[in-house]
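Note sheet for the following structure.
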Amino acid sequence: MKIAVIGTGYVGIVTAVGLAEFGHTVIGADKVSEKIEKISHGDVPIYEPGLAELLKANLKKGTITFSSDLNGTIQAADVIFVCVGTPQGDDGSADMSQIEEVSRLIAENLNGYKVVVEKSTVPVKTSSWIKRTISLYKKSDQEFDVASNPEFLREGSAVSDFLRPDRIIIGVETERARDMLTEIYADFKDRLFITNIDTAELIKHASNSFLAMKISYINLMADLCERTNADVEQVAKGMGLDPRIGGLFLKAGLGYGGSCFPKDLKALIKIGEDLGVNMNLLKETDRINVERTRHFLEKIKRALWILKDKRIALLGLAFKPETDDIREAPAIKLIRDLLNEGAILRLYDPEAQANMKELFPEDKVRITYVKTPYEAVNGVNALLLCTEWKEFSELDFGKIKGLMANPIIIDGRNIFRPEAVRKLGFEYYCVGRK
């Protein structure tokens, strides 16, 4: 079976390489020829652990190739995975122009039966528009099917998520499409969940919105803990022991960010409101998350009083560890707020600095990007922890204390044990714990 993957962004490149690793013949296609040229030589456009090695291995085996010839790629394929972008508007609605563009290209190049698979995260009922578009513009009598196969890739572990999935959702209308997609995922028949297309489309938004709600819920509990003698880490552990709840995504802190949770939550709110459904529960989830950086800024002010001309180190710029992605990262709003207060910042992240520099260029007066955490804390009045990279949990506190002007740590991810850090002579502030 020949498979085309249209779009070589985050989802597209992981999908293409993963399908090739399963043993299929895969063509990854993108209209940006410069990107295709780089990927064809094994140059991965994103930071994702294990992806570069897997790409190079499959290029060497010949199971994957890349092309900027979208017409030829579509004609050569039996199954077409659509992985193009669906950027979000201010009201939460998705810009579907790239999906429509690919649908028209497929229609113009329909030279035999093909299954067109939505892999991009799209609003429910998108399959109906894809089907209508192809039917309107196709130049032959050839049959086709549209299917949904939403991605559940976590940045930082996307390769293992694809190669060892906990579930594979497939939405189809016909047995023929079902059989072809089942064959693609033949090694995971015990993890296939097959349903209709509308249900499959909705599962992705519903899943991410629910996980976002868990994070906002535990952050709400953290606010209660800070006004009592309770410990949010212990509250979360006690809750997670209930198998109906589970312990995952009950980590209090600066809240969620990235390209999925904020986007999918807003999208589901928009979808529900357009259908006349009250979505206030999800609106409150979003409000609580937006407030996290404001609460954190208040902690910084309680520790330092006046922020003007205070030297502050930020460790962690990516929205989560093991990625260079800063989209919706809490660090962005925090940096902006600190600069507005007149603070002087020293910033460090093992992977995301280049991306953050595009938003906040280096400024010798107010913003300095450094090469190590120890360089970041040199002479500062406070250290802020914004992303829970593993290397931060292994810092030499004796060395840090000797470098800082004031031994103050404000931990937005609850990385450290309060009693241990305070015993070393630090003022330590965290989230939902005393």
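Please note that chains go A, B, ... in the order of the structure tokens, that every chain numbers its residues from 1, and that ligands are numbered from 1 in the order shown.
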When DSSP works through the backbone of this structure, what residues of segment 105-291 of chain A end up as helix (DSSP H, G or I), shown as a PyMOL selection string? chain A and resi 105-108+126-137+158-163+175-184+186-191+197-226+232-240+261-274+280-291
Sorted by chain and rising residue number, list the residues of segment 324-389 of chain A at most 12 Å from segment 152-157 of chain A (counting only C-alpha atoms), each with its closest atom pair and distance in Å to one decimal, as JSON lines.
{"residue": "A:Asp324", "atom": "CA", "partner": "A:Gly156", "partner_atom": "CA", "distance": 8.9}
{"residue": "A:Asp325", "atom": "CA", "partner": "A:Glu155", "partner_atom": "CA", "distance": 8.2}
{"residue": "A:Ile326", "atom": "CA", "partner": "A:Glu155", "partner_atom": "CA", "distance": 11.2}
{"residue": "A:Arg327", "atom": "CA", "partner": "A:Glu155", "partner_atom": "CA", "distance": 11.6}
{"residue": "A:Glu351", "atom": "CA", "partner": "A:Gly156", "partner_atom": "CA", "distance": 11.4}
{"residue": "A:Trp389", "atom": "CA", "partner": "A:Gly156", "partner_atom": "CA", "distance": 11.1}
Quick one: which segment 307-372 of chain A residues come within 12 Å of segment 288-300 of chain A, and what is the nearest atom pair for each with the distance in Å to one decimal, counting only C-alpha atoms, rows ordered by chain and ascending number, as CSV?
residue,atom,partner,partner_atom,distance
A:Leu307,CA,A:Ile300,CA,8.3
A:Lys310,CA,A:Ile300,CA,10.8
A:Arg311,CA,A:Ile300,CA,11.9
A:Ile312,CA,A:Ile300,CA,9.8
A:Ala313,CA,A:Ile300,CA,11.8
A:Leu314,CA,A:Ile300,CA,11.9
A:Glu328,CA,A:Val290,CA,10.1
A:Ala329,CA,A:Thr293,CA,10.3
A:Pro330,CA,A:Thr293,CA,6.5
A:Ala331,CA,A:Thr293,CA,8.3
A:Ile332,CA,A:Thr293,CA,9.6
A:Lys333,CA,A:Thr293,CA,7.0
A:Leu334,CA,A:Thr293,CA,6.2
A:Ile335,CA,A:Thr293,CA,10.0
A:Arg336,CA,A:Thr293,CA,10.7
A:Asp337,CA,A:Leu297,CA,7.9
A:Leu338,CA,A:Leu297,CA,8.0
A:Leu339,CA,A:Leu297,CA,11.7
A:Asn340,CA,A:Leu297,CA,11.7
A:Glu341,CA,A:Leu297,CA,10.2
A:Ala343,CA,A:Ile300,CA,11.1
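If you count only C-alpha atoms and ignore residues fewer than 6 places along the chain from Val115 of chain A, what sits within 7 Å of it is Asp78, Val79, Ile80, Phe144, Asp145, Val146, Ala147 and Ala177 of chain A.
Proximity to Asp43 of chain A was assessed for A:Ile410, A:Leu59, A:Ile27, A:Leu19 counting only C-alpha atoms; the smallest distance is recorded for A:Leu59.
Computed from the coordinates, the atom CA of Val124 of chain A to atom CA of Asp198 of chain A distance equals 5.5 Å.
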If we count only C-alpha atoms, what is near Ile74 of chain A at a cut-off of 12 Å, once residues fewer than 6 positions away on the same chain are taken out, given as an NGL selection string? :A and (2-6 or 26-30 or 67-68 or 80-82 or 102-116)
Writer output for current selection, N, CA and C atoms, as a PDB file, in the first residue's frame:
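Generated file (selection_0.pdb):
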ATOM      1  N   LYS A   2       0.602   2.154  -0.907  1.00  0.00           N
ATOM      2  CA  LYS A   2       1.360   3.395  -0.978  1.00  0.00           C
ATOM      3  C   LYS A   2       0.592   4.487  -0.239  1.00  0.00           C
ATOM      4  N   ILE A   3       1.298   5.155   0.642  1.00  0.00           N
ATOM      5  CA  ILE A   3       0.670   6.156   1.500  1.00  0.00           C
ATOM      6  C   ILE A   3       1.294   7.518   1.238  1.00  0.00           C
ATOM      7  N   ALA A   4       0.455   8.534   1.094  1.00  0.00           N
ATOM      8  CA  ALA A   4       0.915   9.921   0.988  1.00  0.00           C
ATOM      9  C   ALA A   4       0.574  10.644   2.278  1.00  0.00           C
ATOM     10  N   VAL A   5       1.493  11.474   2.730  1.00  0.00           N
ATOM     11  CA  VAL A   5       1.239  12.346   3.870  1.00  0.00           C
ATOM     12  C   VAL A   5       1.421  13.771   3.373  1.00  0.00           C
ATOM     13  N   ILE A   6       0.321  14.515   3.305  1.00  0.00           N
ATOM     14  CA  ILE A   6       0.354  15.883   2.797  1.00  0.00           C
ATOM     15  C   ILE A   6       0.514  16.848   3.965  1.00  0.00           C
ATOM     16  N   VAL A  26       5.991   5.281   1.954  1.00  0.00           N
ATOM     17  CA  VAL A  26       5.423   6.576   2.301  1.00  0.00           C
ATOM     18  C   VAL A  26       6.087   7.685   1.497  1.00  0.00           C
ATOM     19  N   ILE A  27       5.245   8.595   0.985  1.00  0.00           N
ATOM     20  CA  ILE A  27       5.734   9.826   0.373  1.00  0.00           C
ATOM     21  C   ILE A  27       5.225  10.990   1.221  1.00  0.00           C
ATOM     22  N   GLY A  28       6.157  11.764   1.765  1.00  0.00           N
ATOM     23  CA  GLY A  28       5.783  12.978   2.483  1.00  0.00           C
ATOM     24  C   GLY A  28       5.828  14.150   1.516  1.00  0.00           C
ATOM     25  N   ALA A  29       4.778  14.931   1.471  1.00  0.00           N
ATOM     26  CA  ALA A  29       4.707  16.009   0.479  1.00  0.00           C
ATOM     27  C   ALA A  29       4.376  17.339   1.134  1.00  0.00           C
ATOM     28  N   ASP A  30       4.972  18.381   0.583  1.00  0.00           N
ATOM     29  CA  ASP A  30       4.727  19.738   1.062  1.00  0.00           C
ATOM     30  C   ASP A  30       5.008  20.689  -0.090  1.00  0.00           C
ATOM     31  N   SER A  67       8.583  14.848  -1.406  1.00  0.00           N
ATOM     32  CA  SER A  67       8.386  15.512  -2.685  1.00  0.00           C
ATOM     33  C   SER A  67       7.615  16.810  -2.515  1.00  0.00           C
ATOM     34  N   SER A  68       7.914  17.776  -3.367  1.00  0.00           N
ATOM     35  CA  SER A  68       7.124  19.006  -3.418  1.00  0.00           C
ATOM     36  C   SER A  68       6.115  18.952  -4.563  1.00  0.00           C
ATOM     37  N   ILE A  80      -4.324   8.769   1.524  1.00  0.00           N
ATOM     38  CA  ILE A  80      -3.750  10.110   1.668  1.00  0.00           C
ATOM     39  C   ILE A  80      -4.072  10.650   3.053  1.00  0.00           C
ATOM     40  N   PHE A  81      -3.041  10.841   3.859  1.00  0.00           N
ATOM     41  CA  PHE A  81      -3.207  11.455   5.183  1.00  0.00           C
ATOM     42  C   PHE A  81      -3.034  12.963   5.041  1.00  0.00           C
ATOM     43  N   VAL A  82      -4.045  13.713   5.450  1.00  0.00           N
ATOM     44  CA  VAL A  82      -4.021  15.170   5.347  1.00  0.00           C
ATOM     45  C   VAL A  82      -3.566  15.739   6.692  1.00  0.00           C
ATOM     46  N   VAL A 102      -6.129  21.332  -0.171  1.00  0.00           N
ATOM     47  CA  VAL A 102      -5.705  19.947  -0.396  1.00  0.00           C
ATOM     48  C   VAL A 102      -6.852  19.116  -0.956  1.00  0.00           C
ATOM     49  N   SER A 103      -8.060  19.353  -0.474  1.00  0.00           N
ATOM     50  CA  SER A 103      -9.226  18.615  -0.976  1.00  0.00           C
ATOM     51  C   SER A 103      -9.420  18.841  -2.475  1.00  0.00           C
ATOM     52  N   ARG A 104      -9.233  20.088  -2.902  1.00  0.00           N
ATOM     53  CA  ARG A 104      -9.365  20.393  -4.332  1.00  0.00           C
ATOM     54  C   ARG A 104      -8.244  19.751  -5.144  1.00  0.00           C
ATOM     55  N   LEU A 105      -7.053  19.727  -4.590  1.00  0.00           N
ATOM     56  CA  LEU A 105      -5.943  19.061  -5.277  1.00  0.00           C
ATOM     57  C   LEU A 105      -6.210  17.576  -5.439  1.00  0.00           C
ATOM     58  N   ILE A 106      -6.741  16.967  -4.395  1.00  0.00           N
ATOM     59  CA  ILE A 106      -7.084  15.538  -4.472  1.00  0.00           C
ATOM     60  C   ILE A 106      -8.135  15.316  -5.545  1.00  0.00           C
ATOM     61  N   ALA A 107      -9.140  16.186  -5.582  1.00  0.00           N
ATOM     62  CA  ALA A 107     -10.201  16.057  -6.592  1.00  0.00           C
ATOM     63  C   ALA A 107      -9.628  16.110  -8.007  1.00  0.00           C
ATOM     64  N   GLU A 108      -8.704  17.020  -8.227  1.00  0.00           N
ATOM     65  CA  GLU A 108      -8.129  17.204  -9.563  1.00  0.00           C
ATOM     66  C   GLU A 108      -7.203  16.066  -9.974  1.00  0.00           C
ATOM     67  N   ASN A 109      -6.741  15.287  -8.998  1.00  0.00           N
ATOM     68  CA  ASN A 109      -5.784  14.214  -9.286  1.00  0.00           C
ATOM     69  C   ASN A 109      -6.322  12.839  -8.921  1.00  0.00           C
ATOM     70  N   LEU A 110      -7.635  12.725  -8.840  1.00  0.00           N
ATOM     71  CA  LEU A 110      -8.251  11.457  -8.464  1.00  0.00           C
ATOM     72  C   LEU A 110      -8.202  10.501  -9.660  1.00  0.00           C
ATOM     73  N   ASN A 111      -7.251   9.572  -9.635  1.00  0.00           N
ATOM     74  CA  ASN A 111      -7.050   8.660 -10.766  1.00  0.00           C
ATOM     75  C   ASN A 111      -7.332   7.211 -10.397  1.00  0.00           C
ATOM     76  N   GLY A 112      -8.039   6.999  -9.309  1.00  0.00           N
ATOM     77  CA  GLY A 112      -8.384   5.669  -8.823  1.00  0.00           C
ATOM     78  C   GLY A 112      -8.943   5.800  -7.421  1.00  0.00           C
ATOM     79  N   TYR A 113      -9.456   4.700  -6.883  1.00  0.00           N
ATOM     80  CA  TYR A 113     -10.037   4.751  -5.537  1.00  0.00           C
ATOM     81  C   TYR A 113      -8.966   5.125  -4.516  1.00  0.00           C
ATOM     82  N   LYS A 114      -9.314   6.057  -3.656  1.00  0.00           N
ATOM     83  CA  LYS A 114      -8.405   6.493  -2.602  1.00  0.00           C
ATOM     84  C   LYS A 114      -9.183   6.745  -1.308  1.00  0.00           C
ATOM     85  N   VAL A 115      -8.492   6.551  -0.194  1.00  0.00           N
ATOM     86  CA  VAL A 115      -9.046   6.920   1.105  1.00  0.00           C
ATOM     87  C   VAL A 115      -8.348   8.198   1.556  1.00  0.00           C
ATOM     88  N   VAL A 116      -9.130   9.238   1.796  1.00  0.00           N
ATOM     89  CA  VAL A 116      -8.603  10.523   2.249  1.00  0.00           C
ATOM     90  C   VAL A 116      -8.811  10.589   3.762  1.00  0.00           C
TER      91      VAL A 116
END
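Residue nearest Ile215 of chain A within the list A:Pro243, A:Pro262, A:Gly50, A:Gly238: A:Pro262 [criterion: smallest interatomic distance, only C-alpha atoms].
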Near segment 11-18 of chain A, within 7 Å and counting only C-alpha atoms, which residues show up once chain neighbours fewer than 3 positions away are dropped, as a PyMOL selection string? chain A and resi 5-8+21-22+26+28+54-55+83+159+162-163
Go ahead and write the selection's residues with C-alpha atoms as a CSV table (one decimal), in the first residue's frame.
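File out.csv, as written:
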chain,number,residue,atom,x,y,z
A,5,VAL,CA,1.2,12.3,3.9
A,6,ILE,CA,0.4,15.9,2.8
A,7,GLY,CA,2.0,18.5,5.1
A,8,THR,CA,5.3,18.1,6.8
A,21,GLU,CA,8.7,2.5,10.3
A,22,PHE,CA,5.6,0.3,10.2
A,26,VAL,CA,5.4,6.6,2.3
A,28,GLY,CA,5.8,13.0,2.5
A,54,LEU,CA,14.2,7.4,12.8
A,55,LEU,CA,14.0,9.7,9.7
A,83,CYS,CA,-1.7,16.8,7.9
A,159,VAL,CA,7.7,9.2,18.3
A,162,PHE,CA,3.1,7.0,17.4
A,163,LEU,CA,5.0,3.7,17.5
Residues within 10 Å of Arg413 of chain A, please, as a VMD selection string. Count only C-alpha atoms; anything in the same chain fewer than 5 positions from it doesn't count. chain A and resid 251 to 255 384 to 389 430 to 431
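Counting from atom CA of Glu183 of chain A, the distance to atom CA of Ile170 of chain A is 12.1 Å.
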Would you mind listing what lies within 12 Å of Ser148 of chain A as a PyMOL selection string, with only C-alpha atoms counted and same-chain residues fewer than 4 positions away left out? chain A and resi 80-83+115-128+130-131+168-173+177-178+181+193-204
Please write the residues from the selection above to a file, keeping N, CA and C atoms, as a short mmCIF file (atom, residue, chain, number, x, y, z; two decimals), in the first residue's frame.
data_model
loop_
_atom_site.label_atom_id
_atom_site.label_comp_id
_atom_site.auth_asym_id
_atom_site.auth_seq_id
_atom_site.Cartn_x
_atom_site.Cartn_y
_atom_site.Cartn_z
N ILE A 80 -4.32 8.77 1.52
CA ILE A 80 -3.75 10.11 1.67
C ILE A 80 -4.07 10.65 3.05
N PHE A 81 -3.04 10.84 3.86
CA PHE A 81 -3.21 11.45 5.18
C PHE A 81 -3.03 12.96 5.04
N VAL A 82 -4.05 13.71 5.45
CA VAL A 82 -4.02 15.17 5.35
C VAL A 82 -3.57 15.74 6.69
N CYS A 83 -2.38 16.34 6.68
CA CYS A 83 -1.75 16.83 7.92
C CYS A 83 -1.39 18.31 7.84
N VAL A 115 -8.49 6.55 -0.19
CA VAL A 115 -9.05 6.92 1.10
C VAL A 115 -8.35 8.20 1.56
N VAL A 116 -9.13 9.24 1.80
CA VAL A 116 -8.60 10.52 2.25
C VAL A 116 -8.81 10.59 3.76
N VAL A 117 -7.71 10.67 4.51
CA VAL A 117 -7.76 10.56 5.96
C VAL A 117 -7.44 11.90 6.61
N GLU A 118 -8.39 12.42 7.38
CA GLU A 118 -8.11 13.61 8.20
C GLU A 118 -7.18 13.21 9.34
N LYS A 119 -6.01 13.78 9.38
CA LYS A 119 -5.11 13.58 10.51
C LYS A 119 -4.98 14.88 11.30
N SER A 120 -5.11 16.00 10.62
CA SER A 120 -5.12 17.29 11.31
C SER A 120 -6.30 17.34 12.27
N THR A 121 -6.13 18.12 13.33
CA THR A 121 -7.25 18.32 14.26
C THR A 121 -8.24 19.29 13.63
N VAL A 122 -9.47 18.81 13.42
CA VAL A 122 -10.47 19.59 12.69
C VAL A 122 -11.79 19.58 13.45
N PRO A 123 -12.63 20.59 13.22
CA PRO A 123 -13.95 20.60 13.86
C PRO A 123 -14.81 19.45 13.36
N VAL A 124 -15.71 18.98 14.22
CA VAL A 124 -16.65 17.94 13.83
C VAL A 124 -17.46 18.40 12.62
N LYS A 125 -17.70 17.51 11.70
CA LYS A 125 -18.40 17.72 10.42
C LYS A 125 -17.46 18.17 9.30
N THR A 126 -16.15 18.27 9.58
CA THR A 126 -15.22 18.66 8.51
C THR A 126 -15.22 17.63 7.38
N SER A 127 -15.37 16.36 7.73
CA SER A 127 -15.34 15.31 6.70
C SER A 127 -16.42 15.55 5.65
N SER A 128 -17.55 16.09 6.07
CA SER A 128 -18.64 16.36 5.11
C SER A 128 -18.21 17.40 4.09
N ILE A 130 -15.01 18.06 3.23
CA ILE A 130 -13.99 17.46 2.37
C ILE A 130 -14.65 16.61 1.29
N LYS A 131 -15.62 15.82 1.69
CA LYS A 131 -16.33 14.96 0.75
C LYS A 131 -17.05 15.79 -0.32
N ILE A 168 -5.94 3.83 18.86
CA ILE A 168 -5.98 4.40 17.52
C ILE A 168 -7.45 4.57 17.16
N ILE A 169 -7.86 5.82 16.99
CA ILE A 169 -9.25 6.13 16.68
C ILE A 169 -9.42 6.22 15.17
N ILE A 170 -10.39 5.50 14.64
CA ILE A 170 -10.67 5.53 13.21
C ILE A 170 -12.16 5.76 13.00
N GLY A 171 -12.47 6.80 12.24
CA GLY A 171 -13.85 7.06 11.87
C GLY A 171 -14.05 6.84 10.38
N VAL A 172 -15.00 5.98 10.02
CA VAL A 172 -15.21 5.61 8.61
C VAL A 172 -16.70 5.52 8.30
N GLU A 173 -16.96 5.54 6.99
CA GLU A 173 -18.34 5.38 6.51
C GLU A 173 -18.54 4.05 5.81
N ALA A 177 -13.05 1.43 3.33
CA ALA A 177 -12.13 2.34 4.01
C ALA A 177 -11.68 1.76 5.34
N ARG A 178 -12.60 1.14 6.05
CA ARG A 178 -12.23 0.52 7.34
C ARG A 178 -11.16 -0.55 7.14
N LEU A 181 -7.63 1.02 6.38
CA LEU A 181 -6.99 1.62 7.54
C LEU A 181 -6.62 0.56 8.58
N PHE A 193 -10.07 1.53 17.75
CA PHE A 193 -11.45 1.88 18.12
C PHE A 193 -12.08 2.48 16.88
N ILE A 194 -13.02 1.75 16.28
CA ILE A 194 -13.62 2.16 15.01
C ILE A 194 -15.02 2.67 15.25
N THR A 195 -15.31 3.84 14.72
CA THR A 195 -16.60 4.48 14.95
C THR A 195 -16.98 5.29 13.71
N ASN A 196 -18.03 6.08 13.81
CA ASN A 196 -18.36 6.93 12.65
C ASN A 196 -17.47 8.18 12.66
N ILE A 197 -17.51 8.93 11.56
CA ILE A 197 -16.54 10.00 11.40
C ILE A 197 -16.78 11.15 12.37
N ASP A 198 -18.02 11.55 12.56
CA ASP A 198 -18.31 12.65 13.48
C ASP A 198 -17.79 12.34 14.89
N THR A 199 -17.99 11.12 15.32
CA THR A 199 -17.53 10.72 16.65
C THR A 199 -16.01 10.78 16.74
N ALA A 200 -15.32 10.28 15.72
CA ALA A 200 -13.85 10.30 15.72
C ALA A 200 -13.33 11.73 15.75
N GLU A 201 -13.95 12.60 14.96
CA GLU A 201 -13.52 14.01 14.94
C GLU A 201 -13.68 14.66 16.31
N LEU A 202 -14.76 14.32 17.01
CA LEU A 202 -15.05 14.95 18.29
C LEU A 202 -14.17 14.40 19.42
N ILE A 203 -13.73 13.15 19.30
CA ILE A 203 -12.95 12.53 20.37
C ILE A 203 -11.68 13.32 20.66
N LYS A 204 -11.00 13.82 19.62
CA LYS A 204 -9.75 14.55 19.84
C LYS A 204 -9.99 15.81 20.67
#
